[in-house]
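> Hey, dropping structure-v3.tsv in here, TSV, C-alpha atoms:
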```tsv
chain	number	residue	atom	x	y	z
A	1272	MET	CA	-23.98	81.93	66.64
A	1273	SER	CA	-23.84	78.12	66.59
A	1274	GLY	CA	-23.70	76.08	63.41
A	1275	LYS	CA	-27.24	74.81	64.03
A	1276	ASN	CA	-28.77	78.31	64.24
A	1277	GLN	CA	-26.91	79.31	61.15
A	1278	GLY	CA	-28.49	76.42	59.27
A	1279	LEU	CA	-32.02	77.33	60.39
A	1280	GLY	CA	-31.53	80.90	59.35
A	1281	MET	CA	-30.37	79.78	56.00
A	1282	LEU	CA	-33.49	77.63	55.55
A	1283	ARG	CA	-35.75	80.56	56.35
A	1284	PHE	CA	-33.85	82.60	53.89
A	1285	LEU	CA	-34.29	79.94	51.23
A	1286	PHE	CA	-38.03	79.59	51.83
A	1287	LYS	CA	-38.49	83.34	51.47
A	1288	ARG	CA	-36.75	83.15	48.16
A	1289	ILE	CA	-38.62	80.09	46.93
A	1290	LYS	CA	-40.20	82.04	44.19
A	1291	GLU	CA	-36.85	83.14	42.98
A	1292	LEU	CA	-35.74	79.50	42.95
A	1293	ASP	CA	-38.72	78.58	40.87
A	1294	ILE	CA	-37.62	81.15	38.37
A	1295	MET	CA	-34.07	79.77	38.52
A	1296	LYS	CA	-35.35	76.25	37.84
A	1297	LYS	CA	-36.75	77.47	34.61
A	1298	THR	CA	-33.50	79.03	33.52
A	1299	LEU	CA	-30.76	76.96	35.33
A	1300	PRO	CA	-29.89	73.23	35.32
A	1301	THR	CA	-31.59	71.11	37.99
A	1302	ALA	CA	-28.29	69.87	39.52
A	1303	PHE	CA	-27.12	73.41	40.18
A	1304	VAL	CA	-30.36	74.25	41.92
A	1305	PHE	CA	-30.06	71.08	44.11
A	1306	ILE	CA	-26.54	71.99	45.16
A	1307	ALA	CA	-27.56	75.52	45.95
A	1308	PHE	CA	-30.36	74.14	48.13
A	1309	LEU	CA	-28.08	71.81	50.14
A	1310	PHE	CA	-25.22	74.26	50.54
A	1311	PRO	CA	-26.42	75.73	53.88
A	1312	PHE	CA	-26.62	72.21	55.40
A	1313	VAL	CA	-23.13	71.30	54.18
A	1314	LEU	CA	-21.82	74.53	55.59
A	1315	SER	CA	-23.41	73.74	58.96
A	1316	SER	CA	-21.92	70.24	59.13
A	1317	CYS	CA	-18.47	71.61	58.50
A	1318	ALA	CA	-18.74	74.11	61.29
A	1319	HIS	CA	-15.61	73.46	63.45
A	1320	THR	CA	-15.95	72.73	67.13
A	1321	SER	CA	-12.65	73.08	69.02
A	1322	THR	CA	-11.05	69.72	69.99
A	1323	PRO	CA	-8.98	69.42	73.20
A	1324	VAL	CA	-5.29	68.67	72.61
A	1325	PRO	CA	-4.68	64.93	73.38
A	1326	ALA	CA	-2.94	64.36	76.76
A	1327	ASP	CA	0.23	62.32	77.51
A	1328	SER	CA	0.04	61.95	81.30
A	1329	ASP	CA	3.22	59.91	81.77
A	1330	LYS	CA	5.28	61.80	79.16
A	1331	ASP	CA	6.25	58.58	77.36
A	1332	GLY	CA	5.44	59.86	73.87
A	1333	VAL	CA	2.24	57.79	73.55
A	1334	LEU	CA	-0.97	59.84	73.89
A	1335	ASP	CA	-3.53	58.88	76.52
A	1336	ASN	CA	-6.28	59.14	73.85
A	1337	TYR	CA	-6.26	60.17	70.23
A	1338	ASP	CA	-8.49	62.21	67.90
A	1339	TYR	CA	-7.55	61.69	64.26
A	1340	ARG	CA	-8.70	65.23	63.50
A	1341	TYR	CA	-5.78	66.45	65.56
A	1342	ASP	CA	-3.24	64.80	63.25
A	1343	GLN	CA	-4.44	66.08	59.90
A	1344	HIS	CA	-1.49	64.66	57.99
A	1345	PHE	CA	-1.53	61.12	59.49
A	1346	VAL	CA	2.28	61.17	59.80
A	1347	LYS	CA	2.35	57.93	61.78
A	1348	ARG	CA	-0.21	55.58	63.19
A	1349	GLN	CA	-1.36	56.56	66.65
A	1350	TYR	CA	-2.30	54.28	69.58
A	1351	TYR	CA	-4.03	54.90	72.83
A	1352	ASP	CA	-1.74	54.57	75.88
A	1353	LYS	CA	-2.62	51.31	77.62
A	1354	CYS	CA	-0.38	52.22	80.57
A	1355	PRO	CA	-1.10	55.96	80.96
A	1356	THR	CA	-0.26	56.38	84.63
A	1357	SER	CA	1.97	53.47	85.67
A	1358	THR	CA	5.02	54.12	83.50
A	1359	PRO	CA	7.85	55.75	85.49
A	1360	PRO	CA	9.62	58.74	83.90
A	1361	GLY	CA	12.37	57.82	81.46
A	1362	VAL	CA	11.33	54.18	81.01
A	1363	GLU	CA	11.37	53.00	77.41
A	1364	VAL	CA	7.92	51.94	76.22
A	1365	ASP	CA	6.39	50.01	73.32
A	1366	GLN	CA	3.88	51.39	70.77
A	1367	TYR	CA	1.07	50.97	73.28
A	1368	GLY	CA	2.78	53.07	75.94
A	1369	CYS	CA	3.67	50.17	78.25
A	1370	PRO	CA	7.23	49.48	79.55
A	1371	LEU	CA	9.23	47.15	77.31
A	1372	ASP	CA	9.28	43.44	78.27
A	1373	THR	CA	11.84	41.98	75.87
A	1374	ASP	CA	11.73	38.37	77.12
A	1375	LYS	CA	7.93	38.36	77.53
A	1376	ASP	CA	8.02	37.10	81.12
A	1377	ALA	CA	5.49	39.72	82.31
A	1378	VAL	CA	8.22	41.60	84.20
A	1379	PRO	CA	9.17	44.88	82.43
A	1380	ASP	CA	12.80	45.30	81.47
A	1381	TYR	CA	13.46	48.10	83.96
A	1382	LEU	CA	12.53	45.73	86.82
A	1383	ASP	CA	13.86	42.49	85.29
A	1384	LYS	CA	17.00	41.22	87.08
A	1385	CYS	CA	17.28	38.27	84.70
A	1386	PRO	CA	16.73	39.55	81.14
A	1387	GLY	CA	16.66	36.94	78.41
A	1388	THR	CA	14.68	34.31	80.31
A	1389	PRO	CA	13.62	31.59	77.82
A	1390	ALA	CA	10.01	31.71	76.66
A	1391	GLY	CA	7.51	29.90	78.86
A	1392	ILE	CA	9.75	29.74	81.97
A	1393	LYS	CA	8.04	30.70	85.22
A	1394	VAL	CA	9.67	33.62	87.00
A	1395	ILE	CA	9.43	35.40	90.34
A	1396	ASP	CA	8.72	39.11	90.90
A	1397	ASN	CA	12.20	40.22	89.82
A	1398	GLY	CA	12.00	38.35	86.51
A	1399	CYS	CA	14.37	35.52	87.48
A	1400	PRO	CA	13.45	31.84	86.91
A	1401	LEU	CA	12.17	29.86	89.88
A	1402	ASP	CA	14.81	28.07	92.01
A	1403	SER	CA	12.72	26.03	94.43
A	1404	ASP	CA	15.60	24.41	96.34
A	1405	GLY	CA	17.75	27.56	96.50
A	1406	ASP	CA	20.87	25.97	94.98
A	1407	ASN	CA	21.35	28.80	92.45
A	1408	VAL	CA	20.37	26.51	89.57
A	1409	PRO	CA	16.93	27.46	88.17
A	1410	ASP	CA	14.28	24.76	88.18
A	1411	TYR	CA	14.16	24.47	84.41
A	1412	LEU	CA	17.88	23.50	84.37
A	1413	ASP	CA	17.95	21.60	87.69
A	1414	LYS	CA	18.36	17.84	87.18
A	1415	CYS	CA	18.23	17.23	90.94
A	1416	PRO	CA	15.37	19.32	92.39
A	1417	GLY	CA	14.96	19.25	96.16
A	1418	THR	CA	18.67	19.39	97.03
A	1419	PRO	CA	19.02	20.13	100.79
A	1420	ALA	CA	19.94	23.68	101.74
A	1421	GLY	CA	23.66	24.42	101.87
A	1422	VAL	CA	24.75	21.42	99.80
A	1423	LYS	CA	27.26	22.23	97.04
A	1424	VAL	CA	25.99	21.36	93.58
A	1425	LEU	CA	27.24	21.05	90.00
A	1426	GLU	CA	26.04	23.16	87.07
A	1427	ASN	CA	23.10	20.80	86.57
A	1428	GLY	CA	21.94	21.27	90.18
A	1429	CYS	CA	23.05	17.84	91.41
A	1430	PRO	CA	25.14	17.44	94.62
A	1431	LEU	CA	28.87	16.91	94.29
A	1432	ASP	CA	30.08	13.29	94.16
A	1433	SER	CA	33.86	13.69	94.27
A	1434	ASP	CA	34.74	9.99	94.09
A	1435	GLY	CA	32.07	9.16	91.51
A	1436	ASP	CA	30.59	6.26	93.47
A	1437	GLY	CA	27.00	7.38	92.98
A	1438	VAL	CA	26.64	8.63	96.57
A	1439	PRO	CA	26.80	12.44	96.94
A	1440	ASP	CA	29.51	13.84	99.16
A	1441	TYR	CA	27.12	15.08	101.85
A	1442	LEU	CA	25.90	11.48	102.37
A	1443	ASP	CA	29.18	9.68	101.64
A	1444	LYS	CA	30.70	8.11	104.76
A	1445	CYS	CA	33.67	6.78	102.81
A	1446	PRO	CA	34.94	9.61	100.59
A	1447	GLY	CA	37.79	8.74	98.27
A	1448	THR	CA	36.49	5.34	97.17
A	1449	PRO	CA	38.68	4.22	94.23
A	1450	ALA	CA	37.18	4.65	90.78
A	1451	GLY	CA	35.10	1.69	89.59
A	1452	VAL	CA	34.66	0.18	93.07
A	1453	LYS	CA	31.05	-0.64	93.91
A	1454	ALA	CA	29.75	1.16	96.97
A	1455	ASP	CA	26.78	0.69	99.29
A	1456	LYS	CA	24.16	3.36	100.11
A	1457	ASN	CA	26.61	5.00	102.51
A	1458	GLY	CA	29.27	5.35	99.82
A	1459	CYS	CA	31.50	2.67	101.36
A	1460	PRO	CA	33.02	-0.18	99.30
A	1461	LEU	CA	30.99	-3.38	99.39
A	1462	ASP	CA	32.05	-5.98	101.94
A	1463	SER	CA	29.87	-8.94	100.99
A	1464	ASP	CA	31.14	-11.35	103.66
A	1465	GLY	CA	31.28	-8.72	106.41
A	1466	ASP	CA	34.84	-9.50	107.44
A	1467	GLY	CA	35.92	-5.86	107.48
A	1468	VAL	CA	37.90	-6.14	104.24
A	1469	PRO	CA	36.13	-4.57	101.24
A	1470	ASP	CA	35.45	-6.83	98.28
A	1471	TYR	CA	37.93	-5.11	95.98
A	1472	LEU	CA	40.77	-5.94	98.44
A	1473	ASP	CA	39.38	-9.24	99.72
A	1474	LYS	CA	41.38	-12.19	98.41
A	1475	CYS	CA	39.18	-14.70	100.24
A	1476	SER	CA	35.57	-13.76	99.53
A	1477	GLY	CA	32.85	-15.65	101.36
A	1478	THR	CA	34.69	-15.91	104.68
A	1479	PRO	CA	32.34	-17.36	107.34
A	1480	ALA	CA	30.82	-14.88	109.72
A	1481	SER	CA	32.84	-14.13	112.86
A	1482	ALA	CA	35.97	-15.74	111.38
A	1483	LYS	CA	39.13	-13.80	112.09
A	1484	VAL	CA	40.88	-12.71	108.91
A	1485	ASP	CA	44.13	-11.05	107.91
A	1486	GLN	CA	44.42	-7.79	105.95
A	1487	ASP	CA	43.71	-9.65	102.72
A	1488	GLY	CA	40.40	-10.94	104.07
A	1489	CYS	CA	41.64	-14.53	104.42
A	1490	PRO	CA	41.01	-16.63	107.57
A	1491	LEU	CA	43.94	-16.95	109.94
A	1492	PRO	CA	45.48	-20.46	109.79
A	1493	VAL	CA	45.29	-22.98	112.63
A	1494	THR	CA	47.79	-22.02	115.31
A	1495	SER	CA	50.72	-24.19	116.26
A	1496	LYS	CA	52.31	-24.55	119.64
A	1497	ILE	CA	55.94	-23.78	120.16
A	1498	THR	CA	58.35	-24.35	122.95
A	1499	PRO	CA	58.66	-21.28	125.19
A	1500	HIS	CA	61.73	-19.15	124.63
A	1501	ALA	CA	62.87	-15.83	125.85
A	1502	ALA	CA	61.42	-13.70	123.09
A	1503	GLY	CA	62.92	-10.50	121.70
A	1504	ALA	CA	60.87	-7.54	120.42
A	1505	MET	CA	60.75	-8.87	116.86
A	1506	GLU	CA	59.85	-12.36	118.01
A	1507	ARG	CA	57.09	-11.07	120.28
A	1508	GLY	CA	55.70	-8.92	117.49
A	1509	ILE	CA	55.48	-11.83	115.09
A	1510	MET	CA	54.30	-14.39	117.63
A	1511	GLU	CA	51.76	-12.19	119.43
A	1512	LYS	CA	50.56	-9.75	116.78
A	1513	GLY	CA	51.30	-11.68	113.62
A	1514	ARG	CA	53.40	-8.89	112.12
A	1515	VAL	CA	56.24	-6.52	112.87
A	1516	LYS	CA	57.58	-3.38	111.24
A	1517	LEU	CA	61.21	-3.67	110.18
A	1518	ASP	CA	63.46	-0.69	110.87
A	1519	ILE	CA	64.65	-0.41	107.27
A	1520	LYS	CA	64.89	2.83	105.31
A	1521	PHE	CA	65.76	3.36	101.68
A	1522	ASP	CA	67.16	6.36	99.86
A	1523	PHE	CA	64.68	8.33	97.76
A	1524	ASP	CA	63.59	6.37	94.69
A	1525	LYS	CA	66.10	3.56	95.55
A	1526	ALA	CA	65.76	-0.13	96.40
A	1527	VAL	CA	69.32	-0.81	97.60
A	1528	LEU	CA	69.76	-2.18	101.14
A	1529	LYS	CA	72.18	-0.19	103.28
A	1530	LYS	CA	74.62	-2.09	105.48
A	1531	LYS	CA	73.41	-0.42	108.64
A	1532	TYR	CA	70.05	-2.20	108.26
A	1533	HIS	CA	71.53	-5.69	107.82
A	1534	PRO	CA	71.31	-6.41	111.58
A	1535	GLU	CA	67.57	-5.68	111.52
A	1536	ILE	CA	67.10	-8.24	108.77
A	1537	GLY	CA	69.31	-10.63	110.75
A	1538	LYS	CA	66.85	-10.45	113.69
A	1539	LEU	CA	64.06	-11.60	111.39
A	1540	ALA	CA	66.28	-14.40	110.09
A	1541	ASP	CA	66.93	-15.53	113.68
A	1542	VAL	CA	63.18	-15.78	114.37
A	1543	MET	CA	62.60	-17.78	111.19
A	1544	THR	CA	65.49	-20.05	112.00
A	1545	LYS	CA	64.12	-20.57	115.49
A	1546	TYR	CA	60.69	-21.49	114.14
A	1547	PRO	CA	61.24	-23.56	110.98
A	1548	ASP	CA	57.50	-23.85	110.29
A	1549	LEU	CA	57.06	-20.10	110.23
A	1550	LYS	CA	56.37	-18.49	106.86
A	1551	ILE	CA	56.63	-14.74	106.36
A	1552	THR	CA	55.19	-12.31	103.84
A	1553	LEU	CA	57.33	-9.22	103.35
A	1554	GLU	CA	55.15	-6.19	102.62
A	1555	GLY	CA	56.46	-2.98	101.06
A	1556	HIS	CA	54.70	0.37	101.49
A	1557	THR	CA	55.34	3.94	100.30
A	1558	ASP	CA	53.84	7.38	100.88
A	1559	ASN	CA	51.58	8.98	98.26
A	1560	VAL	CA	54.27	11.09	96.57
A	1561	GLY	CA	54.41	10.04	92.94
A	1562	LYS	CA	52.10	7.97	90.77
A	1563	LEU	CA	50.30	4.99	92.22
A	1564	ALA	CA	51.64	2.44	89.73
A	1565	TYR	CA	55.22	3.63	90.10
A	1566	ASN	CA	55.06	3.50	93.91
A	1567	GLU	CA	53.76	-0.05	93.72
A	1568	ARG	CA	56.70	-1.12	91.55
A	1569	LEU	CA	59.16	0.70	93.82
A	1570	SER	CA	57.80	-1.00	96.95
A	1571	GLN	CA	58.00	-4.38	95.19
A	1572	ARG	CA	61.69	-3.88	94.34
A	1573	ARG	CA	62.44	-3.00	97.95
A	1574	VAL	CA	60.82	-6.08	99.49
A	1575	ASP	CA	62.43	-8.24	96.82
A	1576	ALA	CA	65.79	-6.88	97.97
A	1577	VAL	CA	65.00	-7.84	101.59
A	1578	LYS	CA	63.88	-11.32	100.54
A	1579	LYS	CA	67.01	-11.84	98.47
A	1580	TYR	CA	69.22	-10.87	101.43
A	1581	LEU	CA	67.41	-13.30	103.75
A	1582	VAL	CA	67.85	-16.14	101.26
A	1583	GLU	CA	71.42	-15.47	100.21
A	1584	LYS	CA	72.88	-14.27	103.51
A	1585	PHE	CA	71.00	-16.36	106.08
A	1586	GLY	CA	69.94	-19.38	104.06
A	1587	ILE	CA	66.19	-18.93	104.63
A	1588	GLU	CA	64.27	-21.08	102.17
A	1589	ALA	CA	62.70	-18.93	99.43
A	1590	ALA	CA	59.50	-21.00	99.71
A	1591	ARG	CA	59.03	-19.65	103.26
A	1592	LEU	CA	59.12	-16.06	102.02
A	1593	ASN	CA	56.58	-14.10	100.01
A	1594	ALA	CA	57.15	-10.49	98.91
A	1595	LYS	CA	54.37	-8.07	98.02
A	1596	GLY	CA	54.64	-4.37	97.19
A	1597	TYR	CA	51.50	-2.38	97.98
A	1598	GLY	CA	52.74	1.08	97.10
A	1599	SER	CA	50.71	3.83	98.77
A	1600	ILE	CA	47.29	2.16	99.12
A	1601	ARG	CA	47.71	1.08	102.78
A	1602	PRO	CA	48.86	4.09	104.77
A	1603	ILE	CA	49.11	3.89	108.56
A	1604	ALA	CA	49.35	7.67	109.00
A	1605	SER	CA	48.29	10.82	107.21
A	1606	ASN	CA	50.24	11.69	104.08
A	1607	ALA	CA	49.47	15.36	104.70
A	1608	THR	CA	52.50	15.73	107.01
A	1609	LYS	CA	56.18	14.93	106.64
A	1610	ALA	CA	56.09	12.75	109.77
A	1611	GLY	CA	53.08	10.85	108.48
A	1612	ARG	CA	54.70	10.19	105.11
A	1613	GLN	CA	57.83	8.88	106.85
A	1614	LYS	CA	55.73	6.39	108.83
A	1615	ASN	CA	54.07	5.19	105.65
A	1616	ARG	CA	57.43	4.40	103.98
A	1617	ARG	CA	57.96	1.02	105.65
A	1618	VAL	CA	58.62	-2.70	105.29
A	1619	GLU	CA	56.59	-5.11	107.40
A	1620	ALA	CA	56.97	-8.83	108.06
A	1621	ALA	CA	53.64	-10.63	108.42
A	1622	ALA	CA	53.34	-14.21	109.62
A	1623	GLU	CA	51.18	-16.42	107.44
A	1624	TYR	CA	49.78	-17.92	110.62
A	1625	THR	CA	49.89	-16.91	114.27
A	1626	THR	CA	51.62	-18.90	116.96
A	1627	VAL	CA	50.92	-19.40	120.61
A	1628	ILE	CA	53.70	-19.30	123.15
A	1629	ASN	CA	53.20	-21.74	126.01
A	1630	LYS	CA	53.28	-20.11	129.38
```
As structure tokens, how would this structure be written, given the file I've shared?


Amino acid sequence: MSGKNQGLGMLRFLFKRIKELDIMKKTLPTAFVFIAFLFPFVLSSCAHTSTPVPADSDKDGVLDNYDYRYDQHFVKRQYYDKCPTSTPPGVEVDQYGCPLDTDKDAVPDYLDKCPGTPAGIKVIDNGCPLDSDGDNVPDYLDKCPGTPAGVKVLENGCPLDSDGDGVPDYLDKCPGTPAGVKADKNGCPLDSDGDGVPDYLDKCSGTPASAKVDQDGCPLPVTSKITPHAAGAMERGIMEKGRVKLDIKFDFDKAVLKKKYHPEIGKLADVMTKYPDLKITLEGHTDNVGKLAYNERLSQRRVDAVKKYLVEKFGIEAARLNAKGYGSIRPIASNATKAGRQKNRRVEAAAEYTTVINK
């Protein structure tokens, strides 16, 4: 019999016994009579209807729905499962039954390939921050967005600039520009007068356009005519090309002239004696082994030794001779090979003006 029918039966029973209640009212307190009258209704309201056991479809420990009558002791607060069917087995969930998302990027931890993403950073489907240019530096850290594909970058996402001239390596047509030298948009040292000698090496800035210059960027002097002579190799080199390489070699880290090279210096003395107006600059060069400053000093000592021998042995006026040590900054071959380094260790004689041999 249902609780409702039980209540109705009780009412009928009470009405039949109304007379007895009237008698009770005369002999019993009113409150007791009132309670006795309501008792059947209270009993009906407490009639227990069976409640289904709450379900946990995804077995994550958070019930799909919850009836507080099921947990009579209220051991812990219960929540409905907000993700009842989408949580994979074994995935750790929060109090609402949804997979944990520790960094709050809307990608649950079990799918997040980049846990710990800072708050507010946009991410892709795998939870990693956006990297629009694909340089492996996320956009929120990338100081140079839009880097072309395949270009090597630094930690801040900017392309490498090995020589620090402000032009990235992938655009730099003159890699290895010395530190502090101003470069153009192509990464090449500035050459303001366009004479082919960069400003930082140009000793004669402002050379007129189309003027021929020497390696220092200075215009070649007015030529002088000489009487034709049968010219040797050294004479032809100086007269026709303006310079000649002397066959002089020094021991490692030494600046002492060996006797076997005296004849080579004698040939240069003969040319200078033959042409008394000729002035020569002796240039010393080394390979790139060792420090730049040391190599420059070493090359200077070597050309000074050649100059001294020309003056003291052959009587060439010191005023007609200049000596300049360049160290390793003017190679004529690659320093990557032994043969190239040997070519770069040299002494050259450069005429301060060119001459024309009459035919």

> So which residues are close to (51.3, -13.1, 99.3), meaning at most 12 Å away in the file's coordinates with all atoms listed in the file counted, and can you show them as a count of residues only?

25

> Which of these, A:Lys1453, A:Lys1423, A:Lys1414, A:Lys1483, has the shortest distance to A:Asp1440 once you count all atoms listed in the file?

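Answer, going by the shortest atom-to-atom distance: A:Lys1423.
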
> Starting from the point (27.9, 15.8, 96.7), work out which residues of protein, DNA or RNA have an atom no more than 8 Å away when counting only C-alpha atoms; state them as a list in words.

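Residues lying no farther than 8 Å from the given point: Val1422, Lys1423, Val1424, Cys1429, Pro1430, Leu1431, Asp1432, Ser1433, Val1438, Pro1439, Asp1440, Tyr1441, Leu1442 and Asp1443 of chain A.
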
> Could you tell me which of A:Glu1567, A:Asp1331, A:Asp1541, A:Asp1558 comes closest to A:Ala1604 if we count all atoms listed in the file?

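Among the listed residues, A:Asp1558 lies closest to A:Ala1604.
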
> Show me, as CSV, the residues of stretch 1413-1474 of chain A having an atom within 8 Å of stretch 1381-1405 of chain A, each with the closest atom pair and its distance in Å, using only C-alpha atoms.


```
residue,atom,partner,partner_atom,distance
A:Pro1416,CA,A:Asp1404,CA,6.4
A:Gly1417,CA,A:Asp1404,CA,5.2
A:Thr1418,CA,A:Asp1404,CA,5.9
A:Pro1419,CA,A:Asp1404,CA,7.1
A:Ala1420,CA,A:Gly1405,CA,6.9
```

> Report as lines of an AutoDock Vina configuration file the centre and the edge lengths, in Å to one decimal, of the axis-aligned box holding every listed atom of stretch 1522-1530 of chain A, padded by 6 Å on each side.


```
center_x = 69.1
center_y = 3.1
center_z = 100.1
size_x = 23.0
size_y = 22.5
size_z = 22.8
```

> To one decimal in Å, tell me the separation between atom CA of A:Cys1445 and atom CA of A:Asn1457.

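Going from atom CA of A:Cys1445 over to atom CA of A:Asn1457, I get 7.3 Å.
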
> Considering only C-alpha atoms, state which residue in the set A:His1556, A:Gly1537, A:Asp1466, A:Gly1488 is at the smallest distance from A:Pro1602.

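Nearest candidate to A:Pro1602 out of A:His1556, A:Gly1537, A:Asp1466, A:Gly1488: A:His1556.
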
> Pick out the closest residue to A:Leu1517 from this set: A:Pro1469, A:Pro1359, A:Gly1477, A:Pro1534. Count all atoms listed in the file.

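Nearest candidate to A:Leu1517 out of A:Pro1469, A:Pro1359, A:Gly1477, A:Pro1534: A:Pro1534.
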
> Suppose you want the space between atom CA of A:Ala1504 and atom CA of A:Asp1518; what is it in Å?

12.0 Å

> Using all atoms listed in the file, which of the listed residues (A:Gly1503, A:Gly1586, A:Pro1479, A:Gly1332) sits closest to A:Asp1464?

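Comparing A:Gly1503, A:Gly1586, A:Pro1479, A:Gly1332 against A:Asp1464, the winner is A:Pro1479.
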
> With only C-alpha atoms as the atoms that count, which of A:Gly1598, A:Gly1508, A:Pro1446, A:Pro1370 lies nearest to A:Arg1572?

A:Gly1598
